[in-house]
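Worksheet: one structure, shown below.
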Amino acid sequence: MIDLSILHQLNAPTKEERLENLRQVVKTAVFPPMVPQYINNHIHTTYSFSPYSPTAAVFAARMEGLCTAGIIDHDSISGAQEFLEAAGIIGMPATIGMECRASMDGTALEGRRTNNPDQAGVSYMTIQAVPHDKIHELTAFFAPYREARHRRNRKMVENINALLPGIELDYDRDVLPLSEAGEGGGVTERHLMYALAKKMVVLAGKGQPMVDYLTSIGLTLSEKQKQQMLDTEYFFYEYDLLGILKSAFVPRIYIDATDECPNVRDVAALCERVDALLCYAYLGDVTASVTGDKKAQKFEDDYLDDVIGCIKECGIRAVTYMPTRNTPEQLARLRRLCEENDLFQVSGEDINSPRQSFIIRAMENPMFSNLIDATWKLIEHEKTGAKI
């Protein structure tokens with residue numbers, strides 16, 4: 001986590017202020033050596049949900065020794081230009097992309113659970129290696145889908161208010177100001193839970209009063225969660241509370257996403273048109289969570305061969321996965337299927353919380369050297385159009 005005073009400067013209200021502040025910060029910053037194995041192509045920013053603006057994300061990644069970094073935001077690529085400019089100021093190569101949900105209607109995966117914990121028949125995808133002159137085309141394509149998500153978000157806010165009398169969340173007043181929606185950013189369920197967390201802190205306070213309040217509304221806290229709620233000095237207290245609320249309340253207020261999810265074939269056609277790389281985001285069944293942040297749940301492992309066949313048939317040429325988040329057995333199977341089906345492999349582990357490190361320690365394992373090579377191919381494609 002970068003120094004809070006620097007974070008405040010790099011999270012200034014406007015892009016111009018943030019970049020100018022970065023120019024001043026780098027004059028005195030002492031950067032660690034870049035580590036060739038430290039890459040991360042899946043860094044969220046305030047244009048979806050994150051404590052980091054695009055500028056702050058680049059700086060934080062560089063301060064941890066990353067040799068390159070990639071921006072990924074939900075439903076939005078509006079932070080990409082700032083990310084690239086910040087990377088230029090620091091002198092760090094960068095890659096840009098975005099994340100979206102795609103309807104699998106009309107495919108072999110219609111109605112089936114894949115990589116989405118909240119909804120069957122809708123799969124998460126990433127769009128990687130976006131040519132820089134195509135940012136605006138992607139922004140325009142996803143604009144109506146972001147508007148559709150706003151409509152569903154408003155209904156979920158109504159569900160929150162019905163579930164928790166006395167909270168009285170207002171989407172325009174309490175949620176949208178926590179986002180970059182006015183600049184083309186996405187608004188997710190995390191924004192709703194963050195707004196709810198802020199309301200709860202005002203209502204109940206921090207520390208033991210918060211523990212008592214959460215207990216009073218039916219939540220059972222783990223010892224780790226209880227200690228987090230008792231740590232009243234932690235600057236990002238509401239982020240810890242958000243994590244508790246997300247697992248407790250999102251399943252209870254969730255409304256299925258429909259018209260905000262383009263069909264997978266339309267997304268594939270878009271990526272073909274703009275010469276970007278569409279990737280299926282492998283999740284894998286969770287038993288005992290490798291990273292401790294996922295509940296046990298079945299995803300696509302029972303029919304992974306079907307998934308691979310379906311995405312190939314839909315025109316998807318790559319798979320992205322998170323080496324830290326799966327077992328060696330899951331990774332070996334997935335990598336074998338990718339090689340057998342000539343699917344490009346991309347890596348990145350999503351950053352959206354202040355407690356996370358930008359470093360993917362698993363990348364120190366030589367078996368993942370192909371993922372490091374892949375990152376440089378993404379960057380080269382963006383710069384020159386070189387074939388991936």
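Starting from 1 in every chain, residues are counted up; chains themselves are A, B, ... following the order of the structure tokens, and ligands are numbered from 1 as listed.
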
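Within region 35-125 of chain A, residues classed as helix (DSSP H, G or I) by DSSP on backbone coordinates are Pro54, Thr55, Ala56, Ala57, Val58, Phe59, Ala60, Ala61, Arg62, Met63, Ala80, Gln81, Glu82, Phe83, Leu84, Glu85, Ala86, Ala87, Gly88, Ile89 and Ile90 of chain A.
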
Determine which residues of region 38-161 of chain A DSSP labels as strand (DSSP E or B) from the backbone of this structure, then write them out as number ranges by chain.
A: 38-43, 66-71, 73-74, 76, 94-96, 98-103, 122-128

Give me, as a list in words, all polymer residues having an atom no more than 12 Å from Glu339 (chain A), counting only C-alpha atoms and skipping those fewer than 4 positions away in the same chain.
Ile308, Arg317, Ala318, Val319, Ala332, Arg333, Leu334, Arg335, Leu343, Phe344, Gln345 and Asn370 of chain A

Residue nearest Ala162 (chain A) - candidates A:Ile72, A:Leu214, A:Met322, A:Ile253, atoms counted: only C-alpha atoms
A:Ile253

With distances taken over only C-alpha atoms, which residue among A:Ala281, A:Ala29, A:Ile2, A:Ala94 lies nearest Ile43 (chain A)?
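Closest to Ile43 (chain A) of all the choices is A:Ala94.
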
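Using only C-alpha atoms, the shortest contact distance between Val122 (chain A) and any of A:Asp231, A:Asp105, A:Glu380, A:Asp3 is found at A:Asp105.
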
Rounded to one decimal in Å, what is the spacing between CA of Ser48 (chain A) and CA of Ala80 (chain A)?
11.7 Å

Near Asp170 (chain A), counting only C-alpha atoms, which residues have an atom at most 12 Å away, once you skip same-chain residues fewer than 2 positions from it, shown as a list in words?
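The residues that qualify are Asn153, Arg154, Lys155, Met156, Val157, Glu158, Asn159, Ile160, Asn161, Ile167, Glu168, Asp172, Arg173, Asp174, Val175, Leu176, Pro177, Leu192, Ala195, Leu196 and Lys199 of chain A.
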
Proximity of region 242-272 of chain A to region 127-131 of chain A: per-residue shortest pair, 10 Å limit, only C-alpha atoms, as CSV:
residue,atom,partner,partner_atom,distance
A:Val267,CA,A:Ile127,CA,9.0
A:Ala268,CA,A:Ile127,CA,9.4
A:Leu270,CA,A:Ile127,CA,9.9
A:Cys271,CA,A:Ile127,CA,7.4

Contacts of Gly70 (chain A) within 7 Å, only C-alpha atoms, excl. fewer than 3 positions in-chain, as a list of chain:residue names:
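So, after excluding close chain neighbours, the residues are A:Asn40, A:Asn41, A:His42, A:Ile43, A:Ala94, A:Thr95, A:Ile96.
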
Atoms to include: N, CA and C atoms. Write the selected residues as an mmCIF file, in the first residue's frame.
data_model
loop_
_atom_site.group_PDB
_atom_site.id
_atom_site.type_symbol
_atom_site.label_atom_id
_atom_site.label_comp_id
_atom_site.auth_asym_id
_atom_site.auth_seq_id
_atom_site.Cartn_x
_atom_site.Cartn_y
_atom_site.Cartn_z
ATOM 1 N N ASN A 40 1.144 -7.974 -13.813
ATOM 2 C CA ASN A 40 -0.262 -8.161 -13.445
ATOM 3 C C ASN A 40 -1.119 -7.436 -14.470
ATOM 4 N N ASN A 41 -1.895 -8.192 -15.218
ATOM 5 C CA ASN A 41 -2.707 -7.632 -16.303
ATOM 6 C C ASN A 41 -4.154 -7.393 -15.905
ATOM 7 N N HIS A 42 -4.462 -7.391 -14.610
ATOM 8 C CA HIS A 42 -5.874 -7.335 -14.190
ATOM 9 C C HIS A 42 -6.030 -6.411 -12.979
ATOM 10 N N ILE A 43 -5.677 -5.154 -13.156
ATOM 11 C CA ILE A 43 -5.738 -4.185 -12.062
ATOM 12 C C ILE A 43 -6.972 -3.302 -12.234
ATOM 13 N N ALA A 94 2.820 -0.740 -20.264
ATOM 14 C CA ALA A 94 1.485 -1.047 -19.760
ATOM 15 C C ALA A 94 0.641 -1.667 -20.858
ATOM 16 N N THR A 95 -0.367 -2.401 -20.439
ATOM 17 C CA THR A 95 -1.334 -2.971 -21.369
ATOM 18 C C THR A 95 -2.726 -2.602 -20.892
ATOM 19 N N ILE A 96 -3.665 -2.474 -21.828
ATOM 20 C CA ILE A 96 -5.000 -2.013 -21.459
ATOM 21 C C ILE A 96 -6.065 -3.002 -21.917
#

Interface rows for region 166-239 of chain A against region 14-24 of chain A: nearest pair, Å to one decimal, 12 Å, only C-alpha atoms, as CSV:
residue,atom,partner,partner_atom,distance
A:Glu180,CA,A:Thr14,CA,10.4
A:Gly182,CA,A:Thr14,CA,11.6
A:Glu183,CA,A:Thr14,CA,10.0

Test item: residues at most 10 Å from Leu230 (chain A), only C-alpha atoms, excluding those fewer than 5 positions along its chain, as a list in words
Lys206, Gly207, Gln208, Pro209, Met210, Val211, Lys224, Gln225 and Tyr237 of chain A
